[in-house]
Every structure is written in C-alpha cells, then in structure tokens.
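Here is the file coords-v7.cif (mmCIF, C-alpha atoms).
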data_model
loop_
_atom_site.label_atom_id
_atom_site.label_comp_id
_atom_site.auth_asym_id
_atom_site.auth_seq_id
_atom_site.Cartn_x
_atom_site.Cartn_y
_atom_site.Cartn_z
CA MET A 25 149.56 133.02 151.31
CA PRO A 26 150.79 132.08 147.84
CA ARG A 27 149.60 128.72 146.57
CA VAL A 28 152.05 125.85 146.82
CA ALA A 29 153.32 124.85 143.38
CA LEU A 30 151.65 121.82 141.82
CA SER A 31 153.42 118.49 142.21
CA PHE A 32 154.69 116.61 139.19
CA PHE A 33 151.65 114.33 139.40
CA ALA A 34 149.29 117.31 139.41
CA LEU A 35 151.25 118.79 136.54
CA MET A 36 150.04 115.93 134.39
CA LEU A 37 146.63 117.58 134.51
CA LEU A 38 148.15 119.75 131.79
CA ALA A 39 147.78 116.71 129.62
CA GLY A 40 144.03 116.73 130.14
CA ALA A 41 143.41 115.93 126.50
CA CYS A 42 145.40 112.73 126.86
CA SER A 43 145.73 111.55 130.45
CA ASN A 44 142.42 112.33 132.12
CA SER A 45 140.04 112.23 129.16
CA LYS A 46 138.33 109.29 127.52
CA ALA A 47 136.04 109.72 124.54
CA ALA A 48 132.84 107.79 124.40
CA THR A 49 133.09 107.41 120.64
CA SER A 50 135.66 107.48 117.86
CA PRO A 51 134.20 109.61 115.09
CA ASN A 52 135.82 109.93 111.72
CA ALA A 53 137.26 113.40 112.05
CA THR A 54 138.12 113.67 108.38
CA SER A 55 134.75 112.77 106.89
CA THR A 56 132.67 115.38 105.13
CA ALA A 57 128.97 115.82 104.57
CA ALA A 58 127.41 117.68 101.72
CA ALA A 59 124.44 118.83 103.77
CA SER A 60 124.91 121.80 106.04
CA THR A 61 123.84 121.59 109.67
CA THR A 62 121.91 123.98 111.84
CA ARG A 63 122.34 124.78 115.51
CA THR A 64 119.48 124.10 117.89
CA VAL A 65 118.55 127.14 119.94
CA LEU A 66 116.03 127.95 122.62
CA GLU A 67 114.93 131.36 121.34
CA PRO A 68 117.56 133.09 123.49
CA ALA A 69 115.88 136.48 123.09
CA ASN A 70 113.02 135.05 125.12
CA VAL A 71 115.29 134.10 128.03
CA ALA A 72 114.94 136.99 130.45
CA ALA A 73 117.97 138.59 132.05
CA VAL A 74 118.58 137.56 135.66
CA PRO A 75 120.10 140.57 137.47
CA SER A 76 122.88 140.02 139.96
CA ALA A 77 123.06 141.57 143.43
CA GLY A 78 125.11 144.42 141.99
CA CYS A 79 122.18 145.74 139.91
CA THR A 80 121.24 148.39 142.44
CA GLY A 81 122.31 151.46 140.47
CA SER A 82 123.60 152.91 143.72
CA THR A 83 127.27 152.51 142.84
CA THR A 84 128.71 153.77 139.59
CA VAL A 85 131.62 151.68 138.28
CA ALA A 86 133.59 153.44 135.59
CA ALA A 87 134.10 151.78 132.25
CA GLY A 88 137.63 150.68 131.45
CA GLU A 89 140.21 148.17 132.61
CA THR A 90 141.62 147.68 136.10
CA THR A 91 143.69 144.96 137.79
CA THR A 92 142.81 144.22 141.39
CA PRO A 93 144.06 141.66 143.94
CA PHE A 94 141.66 138.91 144.95
CA SER A 95 141.97 136.18 147.58
CA ALA A 96 139.57 133.34 148.37
CA ALA A 97 139.62 129.62 149.21
CA GLY A 98 143.19 129.96 150.49
CA VAL A 99 144.38 131.18 147.08
CA ASP A 100 145.85 134.59 146.30
CA GLY A 101 145.67 136.17 142.90
CA SER A 102 144.35 139.05 140.86
CA SER A 103 141.96 139.76 138.04
CA ILE A 104 141.97 142.10 135.07
CA ARG A 105 138.43 143.49 134.94
CA HIS A 106 137.31 145.14 131.70
CA ILE A 107 133.98 146.97 131.90
CA PRO A 108 132.28 148.16 128.69
CA PRO A 109 130.77 151.66 128.40
CA VAL A 110 127.25 150.18 128.31
CA HIS A 111 127.46 149.11 131.97
CA ASP A 112 125.31 151.51 134.02
CA GLY A 113 124.72 149.54 137.20
CA ARG A 114 121.02 149.10 136.50
CA HIS A 115 120.68 147.03 133.34
CA PRO A 116 122.29 143.58 133.62
CA ILE A 117 124.89 142.63 131.01
CA PRO A 118 126.76 139.37 130.25
CA LEU A 119 130.14 138.39 131.68
CA VAL A 120 132.92 136.35 130.05
CA LEU A 121 135.56 134.65 132.19
CA ASP A 122 138.74 134.44 130.09
CA LEU A 123 141.44 132.02 131.36
CA HIS A 124 145.15 132.18 130.48
CA GLY A 125 147.31 129.26 129.42
CA TYR A 126 150.21 127.55 131.18
CA SER A 127 153.18 129.93 131.71
CA GLU A 128 151.12 132.71 130.08
CA PRO A 129 150.50 135.66 132.45
CA ALA A 130 146.99 137.09 132.48
CA ALA A 131 148.26 140.41 131.11
CA ILE A 132 149.66 138.65 128.04
CA HIS A 133 146.55 136.56 127.57
CA ALA A 134 144.35 139.66 127.72
CA GLN A 135 146.31 141.03 124.76
CA LEU A 136 146.17 137.75 122.88
CA SER A 137 142.41 137.19 123.18
CA ALA A 138 141.53 140.91 123.07
CA LEU A 139 138.14 140.02 124.56
CA GLY A 140 138.17 143.21 126.63
CA SER A 141 137.97 145.52 123.62
CA PHE A 142 135.66 143.06 121.87
CA GLY A 143 133.38 143.26 124.91
CA ASP A 144 133.31 147.04 124.60
CA GLN A 145 131.70 146.57 121.19
CA HIS A 146 129.31 143.80 122.21
CA GLY A 147 128.39 144.87 125.72
CA PHE A 148 129.88 142.32 128.12
CA VAL A 149 132.25 142.40 131.10
CA THR A 150 135.51 140.45 130.76
CA LEU A 151 137.41 138.98 133.71
CA THR A 152 140.94 137.71 133.01
CA PRO A 153 142.17 136.21 136.30
CA GLU A 154 145.46 134.79 137.52
CA THR A 155 146.47 133.03 140.74
CA THR A 156 149.80 133.55 142.47
CA ALA A 157 152.27 130.83 141.46
CA PRO A 158 155.92 130.61 140.31
CA VAL A 159 154.64 129.83 136.82
CA PRO A 160 151.11 130.86 135.74
CA GLN A 161 148.93 127.76 135.75
CA TRP A 162 145.55 126.33 136.75
CA ASP A 163 144.88 123.32 138.96
CA THR A 164 142.19 121.68 136.83
CA ALA A 165 141.32 118.91 139.30
CA LEU A 166 137.60 118.83 140.07
CA GLY A 167 136.94 120.50 143.41
CA SER A 168 140.35 122.21 143.43
CA ALA A 169 141.02 125.40 145.35
CA ASP A 170 141.50 127.18 142.02
CA LEU A 171 137.95 126.28 140.97
CA LYS A 172 136.63 127.52 144.32
CA TRP A 173 138.65 130.71 143.82
CA LEU A 174 137.09 131.28 140.39
CA SER A 175 133.61 130.73 141.80
CA ALA A 176 134.31 133.30 144.53
CA LEU A 177 135.65 135.70 141.88
CA LEU A 178 132.35 135.43 140.03
CA ASP A 179 130.49 136.04 143.30
CA ASP A 180 132.55 139.18 143.83
CA ALA A 181 131.91 140.49 140.31
CA GLU A 182 128.19 139.80 140.53
CA SER A 183 127.98 141.66 143.85
CA LYS A 184 129.80 144.76 142.58
CA LEU A 185 128.64 144.91 138.96
CA CYS A 186 125.26 144.58 137.26
CA ILE A 187 125.65 141.15 135.67
CA ASP A 188 123.07 139.05 133.85
CA THR A 189 123.57 135.75 135.69
CA ALA A 190 121.78 133.92 132.88
CA ARG A 191 124.63 134.95 130.58
CA VAL A 192 127.92 134.11 132.30
CA PHE A 193 130.34 132.30 129.97
CA THR A 194 133.87 130.88 130.13
CA THR A 195 136.67 130.57 127.61
CA GLY A 196 140.41 130.00 127.81
CA LEU A 197 143.55 128.95 125.96
CA SER A 198 145.54 125.73 126.44
CA ASN A 199 145.72 125.03 130.22
CA GLY A 200 143.01 127.72 130.42
CA ALA A 201 140.92 125.66 127.98
CA MET A 202 141.43 122.62 130.19
CA MET A 203 140.35 124.72 133.17
CA THR A 204 137.36 125.92 131.15
CA SER A 205 136.42 122.25 130.70
CA SER A 206 136.63 121.74 134.49
CA VAL A 207 134.63 124.92 135.14
CA ALA A 208 131.85 123.42 133.00
CA CYS A 209 131.80 120.46 135.39
CA ASP A 210 132.03 122.18 138.77
CA LEU A 211 130.11 125.37 137.95
CA SER A 212 127.55 124.03 135.50
CA ASP A 213 124.75 125.62 137.53
CA ARG A 214 126.04 129.11 136.76
CA ILE A 215 128.08 128.90 133.52
CA ALA A 216 125.78 129.10 130.51
CA ALA A 217 128.24 127.90 127.83
CA VAL A 218 131.97 127.42 127.29
CA ALA A 219 134.50 127.91 124.50
CA PRO A 220 137.85 126.14 125.07
CA VAL A 221 140.59 127.13 122.63
CA ALA A 222 143.47 124.70 121.93
CA GLY A 223 142.86 122.43 124.91
CA VAL A 224 139.32 121.06 125.21
CA THR A 225 139.17 118.23 127.75
CA LEU A 226 136.64 115.56 128.64
CA VAL A 227 137.26 115.47 132.39
CA ASP A 228 137.00 112.13 134.17
CA GLY A 229 134.44 112.21 136.95
CA CYS A 230 132.60 115.19 135.48
CA THR A 231 128.95 115.16 136.50
CA PRO A 232 127.48 118.54 135.51
CA SER A 233 124.04 119.39 136.82
CA ARG A 234 122.92 120.16 133.25
CA PRO A 235 124.27 119.80 129.70
CA VAL A 236 126.76 122.61 129.11
CA PRO A 237 126.90 123.88 125.50
CA LEU A 238 130.40 123.80 124.01
CA VAL A 239 132.13 125.40 121.05
CA ALA A 240 135.79 124.43 120.76
CA PHE A 241 138.63 125.62 118.52
CA HIS A 242 141.75 123.61 117.64
CA GLY A 243 144.46 123.61 115.00
CA THR A 244 145.56 120.39 113.31
CA ALA A 245 149.25 121.40 113.56
CA ASP A 246 149.19 122.30 117.27
CA GLN A 247 152.64 121.46 118.69
CA TYR A 248 151.61 121.85 122.34
CA VAL A 249 148.26 120.03 122.59
CA GLY A 250 148.10 117.62 119.69
CA TYR A 251 144.99 117.49 117.52
CA ASP A 252 145.63 113.75 117.13
CA GLY A 253 145.93 113.24 120.88
CA GLY A 254 148.16 114.03 123.83
CA LEU A 255 150.75 116.70 124.38
CA GLY A 256 152.99 117.87 121.53
CA PRO A 257 156.79 118.10 121.39
CA ALA A 258 156.90 121.86 122.08
CA VAL A 259 155.70 121.22 125.66
CA ALA A 260 159.20 119.96 126.52
CA ASN A 261 160.52 123.54 126.31
CA LEU A 262 158.02 125.03 128.77
CA PRO A 263 159.22 125.96 132.28
CA ALA A 264 158.72 123.61 135.21
CA PRO A 265 155.81 124.67 137.46
CA ASP A 266 157.95 125.23 140.55
CA GLY A 267 160.00 128.06 139.04
CA SER A 268 163.22 126.03 139.39
CA GLY A 269 164.42 127.01 135.94
CA LYS A 270 164.11 123.46 134.64
CA THR A 271 161.90 122.58 131.69
CA LEU A 272 159.04 120.14 131.48
CA GLY A 273 161.21 118.04 129.20
CA GLU A 274 163.82 117.79 131.94
CA LEU A 275 161.06 116.56 134.26
CA GLY A 276 160.28 113.78 131.82
CA VAL A 277 156.86 115.00 130.66
CA GLY A 278 155.94 112.79 127.72
CA VAL A 279 154.09 113.50 124.51
CA GLY A 280 151.44 111.79 122.44
CA GLY A 281 148.79 109.26 123.41
CA GLY A 282 145.18 109.76 124.37
CA PRO A 283 142.04 110.53 122.38
CA THR A 284 141.99 112.94 119.47
CA VAL A 285 140.34 116.34 119.77
CA PRO A 286 137.31 115.22 117.69
CA GLU A 287 136.95 112.18 119.99
CA ILE A 288 137.04 114.46 123.04
CA VAL A 289 134.34 116.72 121.61
CA ALA A 290 132.32 113.61 120.66
CA GLY A 291 132.54 112.45 124.27
CA TRP A 292 131.34 115.87 125.43
CA ALA A 293 128.47 115.69 122.91
CA THR A 294 127.46 112.24 124.15
CA ARG A 295 127.41 113.55 127.73
CA ASN A 296 125.14 116.37 126.54
CA GLY A 297 122.72 113.83 125.04
CA CYS A 298 123.77 114.50 121.43
CA ALA A 299 124.40 112.10 118.57
CA SER A 300 127.75 110.34 118.87
CA THR A 301 128.91 111.04 115.31
CA PRO A 302 129.49 114.57 113.98
CA GLN A 303 128.60 115.99 110.63
CA THR A 304 131.07 118.34 108.96
CA THR A 305 129.62 121.41 107.31
CA GLN A 306 130.85 122.71 104.04
CA PRO A 307 134.16 124.44 104.72
CA ILE A 308 133.81 127.88 106.25
CA ALA A 309 137.09 128.94 104.69
CA ALA A 310 139.96 127.28 102.84
CA ASP A 311 141.55 126.30 106.16
CA VAL A 312 138.56 126.07 108.52
CA ASP A 313 135.61 123.72 108.81
CA LEU A 314 133.06 123.05 111.51
CA LEU A 315 132.12 119.74 113.12
CA VAL A 316 128.57 119.86 114.46
CA PHE A 317 126.68 117.23 116.44
CA ALA A 318 122.92 116.75 116.39
CA CYS A 319 121.94 117.80 119.91
CA PRO A 320 118.87 118.51 122.02
CA PRO A 321 117.93 122.21 122.07
CA GLY A 322 120.42 124.24 124.09
CA ALA A 323 122.95 121.40 124.52
CA ASP A 324 125.06 121.96 121.39
CA ALA A 325 128.61 120.72 120.85
CA GLU A 326 130.72 122.12 118.01
CA LEU A 327 134.37 122.11 116.94
CA TYR A 328 136.07 124.61 114.64
CA ARG A 329 138.95 122.73 113.03
CA VAL A 330 141.76 124.87 111.61
CA THR A 331 143.82 122.96 109.06
CA GLY A 332 147.49 123.75 109.69
CA GLY A 333 146.58 125.87 112.70
CA GLY A 334 148.94 126.08 115.65
CA HIS A 335 148.50 126.46 119.40
CA THR A 336 146.78 129.76 119.05
CA TRP A 337 143.67 131.94 119.10
CA PRO A 338 142.06 132.23 115.63
CA GLY A 339 141.88 135.82 114.42
CA SER A 340 144.20 137.20 117.10
CA VAL A 341 146.45 140.01 115.90
CA PHE A 342 148.76 139.44 118.87
CA ALA A 343 149.04 135.70 118.13
CA LYS A 344 149.77 136.49 114.49
CA ALA A 345 152.81 138.47 115.62
CA ILE A 346 154.23 135.52 117.59
CA GLU A 347 153.62 132.72 115.10
CA SER A 348 157.24 131.61 115.48
CA ILE A 349 156.25 130.49 119.00
CA VAL A 350 152.63 129.40 118.70
CA GLY A 351 152.39 128.32 115.08
CA HIS A 352 150.12 129.44 112.27
CA THR A 353 147.25 131.72 113.32
CA THR A 354 144.39 131.79 110.86
CA ASP A 355 142.65 135.05 110.08
CA SER A 356 139.91 133.25 108.15
CA ILE A 357 137.75 133.33 111.26
CA SER A 358 137.69 135.25 114.52
CA ALA A 359 137.38 133.00 117.56
CA ASN A 360 135.89 135.96 119.41
CA GLU A 361 133.13 136.45 116.85
CA LYS A 362 132.33 132.73 116.62
CA MET A 363 132.27 132.11 120.36
CA TRP A 364 130.24 135.25 121.06
CA ALA A 365 127.60 134.22 118.51
CA PHE A 366 127.50 130.82 120.21
CA PHE A 367 127.28 132.40 123.67
CA GLU A 368 124.45 134.69 122.62
CA ALA A 369 122.53 131.65 121.37
CA HIS A 370 123.01 129.76 124.65
CA PRO A 371 121.86 131.60 127.76
CA LEU A 372 121.38 129.66 130.97
CA THR A 373 117.84 128.45 131.49
CA ARG A 374 116.72 127.37 134.94
#

Taking this structure as input, can you express it in the form of structure tokens?
Amino acid sequence: MPRVALSFFALMLLAGACSNSKAATSPNATSTAAASTTRTVLEPANVAAVPSAGCTGSTTVAAGETTTPFSAAGVDGSSIRHIPPVHDGRHPIPLVLDLHGYSEPAAIHAQLSALGSFGDQHGFVTLTPETTAPVPQWDTALGSADLKWLSALLDDAESKLCIDTARVFTTGLSNGAMMTSSVACDLSDRIAAVAPVAGVTLVDGCTPSRPVPLVAFHGTADQYVGYDGGLGPAVANLPAPDGSGKTLGELGVGVGGGPTVPEIVAGWATRNGCASTPQTTQPIAADVDLLVFACPPGADAELYRVTGGGHTWPGSVFAKAIESIVGHTTDSISANEKMWAFFEAHPLTR
C-alpha cells in the first residue's frame, strides 16, 4: 500500500544540513592555498570486478530506458532503469543510483541530471527511483523503510542485470543528496562512493562499516539548502508533504542555523580518518574551486564550491533552462564528469 506521508517532525529531516548534522570541525571555508592537492587512490584498475548474480548471460536485457513498478519493505514505488548499449549480460558494469529531490518527480530528475545518457557514453547502469507519496520525498532516517526499499531495489537490479558490485555508487539532489548521505551510512558495505549535490549531510548516529569516499557539490547562493547553514528562504514555497495544498512556510518550517556546508564535509572527512582542515586548490574556473582534505587512500572527501551557484546540478542543460526557479547553474564544470571521475577512482575494496 502507499506509504503514509511523513509527519511534520519527520519532515524536519529535510533540514539534514542544519538539524541533524554536527560538524566535528570548523574549517575556514574561504581560505586559499597556493599548492595544489592530489587525490589518494588505490590503483582502481587493479580492483577486480565483482560480478552480480545477474551475470549469467542467459537473459538478454535490451539497452534503453524503462520505468517499472517496485515494492519492498512495505513501500511501493517505481524506478527508471537506463541500461547502456555495452551491457551484454556477461561482463559486469558499474551502477549509479540517482536520487531525486523533495517535490521533484523521478522523471524530472532524470532529465535534470541526464545521468542516463551520460551512462550510455561511460558504460554504467542508472537507476532513478521514486516511492509512492503525495509529494516526492525520501525518509532519510537511518533504518527507514525507504532505505530498506533502496537496498532491495539494488538487490533486484543485481539479480537481473550484470552489475559490478565493486562499483555501485549513489548520487542525488537536495533531499536526494540528504538520502545519499544516509545511504552511505546504512549501505556502506555495498556503496563504493557517493556524490551528494546541494544537500550533503553529516547524519547523527551514522556508523558506516568502512570510510565512504565523498565528493560533494554546492552553490554559495543556494536559496533552498544554505551554503552557510540550514534551510534557505525558498523552502517556504515548497508544498507540504501530505499533499494538502499548504506550503512548508504555512507549516512553520524555519530557515537558517546549523553548520555550514564546508563544516559538514569536514565532519565527514574526520569520520573517514582525514585531516580536519581542508586545503583549497587553485580555482578550477572563475566561479568554481575545490576543497580537498588529506585522507587515507580510498577515503577521500572533496567539495566543489560554486561561487554564486544556486540549488542546482552543475553543467545541467535542463537546470540552466529553469534558473528562475533553482538559481544560477554553472557550466564551468559538469557534475556528471567530476563525480564519474571520482567514482572511477574509488571502487569498493573488501
């Protein structure tokens, strides 16, 4: 049956960057360093593929995009599954789980991230799921039914497709980025690396079984999830989660407060065993720089900071067309290209 709408208390999980996150450090997010930094890697080419149960070659799954219903853990929903031409059922390929934002249907998010077509070029399966609710949303609480549903969705994909289980990754936007942060906690034994966009969260009570590599993206002018902490003023205009027609502002959802995005990433880095203070590389572009922490091999934490960037997906053509809603979308970098390079460098080692 359809999932019961989240209560007002649970709704505050949307404010993950402010209400359920505490940074371990307070780095100077505006400092710069003349020296460039380098990412630590574990020779990913030497990490062998780990074929899933679906690598039998007995069933041919056609390339392309389909949307299919999926139910598990008492939750109903569906998933947009995009299979690249390289998938042949015998040679395992990576999978990227791509999570939509609050009030953003999966079909819209698939257009915004465009990871499906990007995966055609780079040889990975993309799953863009959605649970049944009056307003699209994720219950980001650790151990939630939504997290169990996502785990079952991965089980289903790995049983039907030929997936490299050493290269399963998660990304998402806004509430989907907060859910990505929770996925890194609950499913750390199977998610190799994560890339939250405009909503990275340091989840209270998170005890991953291993350090989970992170590359985050956030704009300094985000009006929904503030770079300087907490929710932004634009959140007040979003619909209430119960489909009543009211807005979050009418429910009294507040703004501001909480750690900054650099503090959140610093807390994640500390949990991964990294240095507590980031270095900032030379600017990548006029409006983009990269905060990098010194980390043990394979435990990296990085933040792409977009000066003047809104609540959006860097490099997205779709987001560029709706800047009046989401704010400035940089085309100086492609989030897809940056996160995929990071993913390729961080397979799961057991």

So which residues get picked by the PyMOL selection byres ((chain A and resi 364) around 12) here, written as a short mmCIF file (atom, residue, chain, number, x, y, z; two decimals) with C-alpha atoms, in the coordinates of the input?
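Contents of out.cif, as written:
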data_model
loop_
_atom_site.label_atom_id
_atom_site.label_comp_id
_atom_site.auth_asym_id
_atom_site.auth_seq_id
_atom_site.Cartn_x
_atom_site.Cartn_y
_atom_site.Cartn_z
CA PRO A 118 126.76 139.37 130.25
CA LEU A 119 130.14 138.39 131.68
CA VAL A 120 132.92 136.35 130.05
CA LEU A 139 138.14 140.02 124.56
CA PHE A 142 135.66 143.06 121.87
CA GLY A 143 133.38 143.26 124.91
CA GLN A 145 131.70 146.57 121.19
CA HIS A 146 129.31 143.80 122.21
CA GLY A 147 128.39 144.87 125.72
CA PHE A 148 129.88 142.32 128.12
CA ARG A 191 124.63 134.95 130.58
CA VAL A 192 127.92 134.11 132.30
CA PHE A 193 130.34 132.30 129.97
CA THR A 194 133.87 130.88 130.13
CA THR A 195 136.67 130.57 127.61
CA ALA A 217 128.24 127.90 127.83
CA VAL A 218 131.97 127.42 127.29
CA ALA A 219 134.50 127.91 124.50
CA LEU A 238 130.40 123.80 124.01
CA VAL A 239 132.13 125.40 121.05
CA SER A 358 137.69 135.25 114.52
CA ALA A 359 137.38 133.00 117.56
CA ASN A 360 135.89 135.96 119.41
CA GLU A 361 133.13 136.45 116.85
CA LYS A 362 132.33 132.73 116.62
CA MET A 363 132.27 132.11 120.36
CA ALA A 365 127.60 134.22 118.51
CA PHE A 366 127.50 130.82 120.21
CA PHE A 367 127.28 132.40 123.67
CA GLU A 368 124.45 134.69 122.62
CA ALA A 369 122.53 131.65 121.37
CA HIS A 370 123.01 129.76 124.65
CA PRO A 371 121.86 131.60 127.76
#

Next on the checklist: Assuming the chain letters and numbering stay as they are in my file, what does the PyMOL selection byres ((chain A and resi 166) around 10) actually select? List them as a PyMOL selection string.
Outcome noted: chain A and resi 163-165+167-172+203+206-207+209-210+227-230

Any chance you could export the current selection's C-alpha atoms as a short mmCIF file (atom, residue, chain, number, x, y, z; two decimals), in the frame of the given file?
data_model
loop_
_atom_site.label_atom_id
_atom_site.label_comp_id
_atom_site.auth_asym_id
_atom_site.auth_seq_id
_atom_site.Cartn_x
_atom_site.Cartn_y
_atom_site.Cartn_z
CA ASP A 163 144.88 123.32 138.96
CA THR A 164 142.19 121.68 136.83
CA ALA A 165 141.32 118.91 139.30
CA GLY A 167 136.94 120.50 143.41
CA SER A 168 140.35 122.21 143.43
CA ALA A 169 141.02 125.40 145.35
CA ASP A 170 141.50 127.18 142.02
CA LEU A 171 137.95 126.28 140.97
CA LYS A 172 136.63 127.52 144.32
CA MET A 203 140.35 124.72 133.17
CA SER A 206 136.63 121.74 134.49
CA VAL A 207 134.63 124.92 135.14
CA CYS A 209 131.80 120.46 135.39
CA ASP A 210 132.03 122.18 138.77
CA VAL A 227 137.26 115.47 132.39
CA ASP A 228 137.00 112.13 134.17
CA GLY A 229 134.44 112.21 136.95
CA CYS A 230 132.60 115.19 135.48
#

On this structure, which residues satisfy the PyMOL selection byres ((chain A and resi 352-356) around 10), written as an mmCIF file with C-alpha atoms, in the frame of the given file?
data_model
loop_
_atom_site.group_PDB
_atom_site.id
_atom_site.type_symbol
_atom_site.label_atom_id
_atom_site.label_comp_id
_atom_site.auth_asym_id
_atom_site.auth_seq_id
_atom_site.Cartn_x
_atom_site.Cartn_y
_atom_site.Cartn_z
ATOM 1 C CA GLY A 243 144.460 123.610 115.000
ATOM 2 C CA ALA A 245 149.250 121.400 113.560
ATOM 3 C CA ASP A 246 149.190 122.300 117.270
ATOM 4 C CA ILE A 308 133.810 127.880 106.250
ATOM 5 C CA ALA A 309 137.090 128.940 104.690
ATOM 6 C CA ALA A 310 139.960 127.280 102.840
ATOM 7 C CA ASP A 311 141.550 126.300 106.160
ATOM 8 C CA VAL A 312 138.560 126.070 108.520
ATOM 9 C CA VAL A 330 141.760 124.870 111.610
ATOM 10 C CA THR A 331 143.820 122.960 109.060
ATOM 11 C CA GLY A 332 147.490 123.750 109.690
ATOM 12 C CA GLY A 333 146.580 125.870 112.700
ATOM 13 C CA GLY A 334 148.940 126.080 115.650
ATOM 14 C CA HIS A 335 148.500 126.460 119.400
ATOM 15 C CA THR A 336 146.780 129.760 119.050
ATOM 16 C CA TRP A 337 143.670 131.940 119.100
ATOM 17 C CA PRO A 338 142.060 132.230 115.630
ATOM 18 C CA GLY A 339 141.880 135.820 114.420
ATOM 19 C CA SER A 340 144.200 137.200 117.100
ATOM 20 C CA VAL A 341 146.450 140.010 115.900
ATOM 21 C CA PHE A 342 148.760 139.440 118.870
ATOM 22 C CA ALA A 343 149.040 135.700 118.130
ATOM 23 C CA LYS A 344 149.770 136.490 114.490
ATOM 24 C CA ALA A 345 152.810 138.470 115.620
ATOM 25 C CA ILE A 346 154.230 135.520 117.590
ATOM 26 C CA GLU A 347 153.620 132.720 115.100
ATOM 27 C CA SER A 348 157.240 131.610 115.480
ATOM 28 C CA ILE A 349 156.250 130.490 119.000
ATOM 29 C CA VAL A 350 152.630 129.400 118.700
ATOM 30 C CA GLY A 351 152.390 128.320 115.080
ATOM 31 C CA ILE A 357 137.750 133.330 111.260
ATOM 32 C CA SER A 358 137.690 135.250 114.520
ATOM 33 C CA ALA A 359 137.380 133.000 117.560
#

Next on the checklist: Please list, as JSON, numbers by chain, the residues that have an atom at most 8 Å away from (147.6, 126.3, 129.1) in the coordinates of this file, counting all atoms listed in the file.
Outcome noted: {"A": [38, 124, 125, 126, 127, 128, 161, 162, 197, 198, 199, 200, 201, 202, 223]}

Checklist entry - What separation in Å, quoted to one decimal, exists between CA of Pro75 (chain A) and CA of Ala134 (chain A)? => result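 Interatomic distance, CA of Pro75 (chain A) to CA of Ala134 (chain A): 26.2 Å.
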
Item to check | Protein, DNA and RNA residues within 8 Å of (137.6, 121.9, 124.1), only C-alpha atoms, as a count of residues only | outcome: 20

Checklist entry - Please, what distance in Å, to one decimal, runs between CA of Ile215 (chain A) and CA of Asp100 (chain A)? => result 22.6 Å

Next on the checklist: What's around Pro263 (chain A) at 12 Å? Count only C-alpha atoms, leave out sequence neighbours fewer than 5 positions away in its own chain, and write the answer as a PyMOL selection string.
Outcome noted: chain A and resi 35+126-128+158-161+258+268-275+277

Could the residues in this selection be saved with C-alpha atoms as an mmCIF file, keeping the file's coordinate frame?
data_model
loop_
_atom_site.group_PDB
_atom_site.id
_atom_site.type_symbol
_atom_site.label_atom_id
_atom_site.label_comp_id
_atom_site.auth_asym_id
_atom_site.auth_seq_id
_atom_site.Cartn_x
_atom_site.Cartn_y
_atom_site.Cartn_z
ATOM 1 C CA LEU A 35 151.250 118.790 136.540
ATOM 2 C CA TYR A 126 150.210 127.550 131.180
ATOM 3 C CA SER A 127 153.180 129.930 131.710
ATOM 4 C CA GLU A 128 151.120 132.710 130.080
ATOM 5 C CA PRO A 158 155.920 130.610 140.310
ATOM 6 C CA VAL A 159 154.640 129.830 136.820
ATOM 7 C CA PRO A 160 151.110 130.860 135.740
ATOM 8 C CA GLN A 161 148.930 127.760 135.750
ATOM 9 C CA ALA A 258 156.900 121.860 122.080
ATOM 10 C CA SER A 268 163.220 126.030 139.390
ATOM 11 C CA GLY A 269 164.420 127.010 135.940
ATOM 12 C CA LYS A 270 164.110 123.460 134.640
ATOM 13 C CA THR A 271 161.900 122.580 131.690
ATOM 14 C CA LEU A 272 159.040 120.140 131.480
ATOM 15 C CA GLY A 273 161.210 118.040 129.200
ATOM 16 C CA GLU A 274 163.820 117.790 131.940
ATOM 17 C CA LEU A 275 161.060 116.560 134.260
ATOM 18 C CA VAL A 277 156.860 115.000 130.660
#

Is it possible to get the axis-aligned box enclosing region 128-144 of chain A (all listed atoms, 8 Å extra per side) as AutoDock Vina command-line options, with centre and edge lengths in Å rounded to one decimal?
--center_x 142.2 --center_y 139.9 --center_z 127.2 --size_x 33.8 --size_y 30.3 --size_z 26.6

Checklist entry - Distance CA of Gly253 (chain A)-CA of Glu326 (chain A), one decimal place? => result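 Those two atoms sit 17.8 Å apart.
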
Checklist entry - Which residues, written as an MDAnalysis selection string, have at least one atom at most 6 Å from region 94-96 of chain A, with only C-alpha atoms counted and residues fewer than 5 positions away on the same chain left out? => result chainID A and resid 101:102 173

Item to check | Of the listed residues A:Ala77, A:Gly276, A:Thr204, A:Ile104, that which approaches Ser183 (chain A) most closely, counting only C-alpha atoms | outcome: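 Smallest separation from Ser183 (chain A) among the options: A:Ala77.
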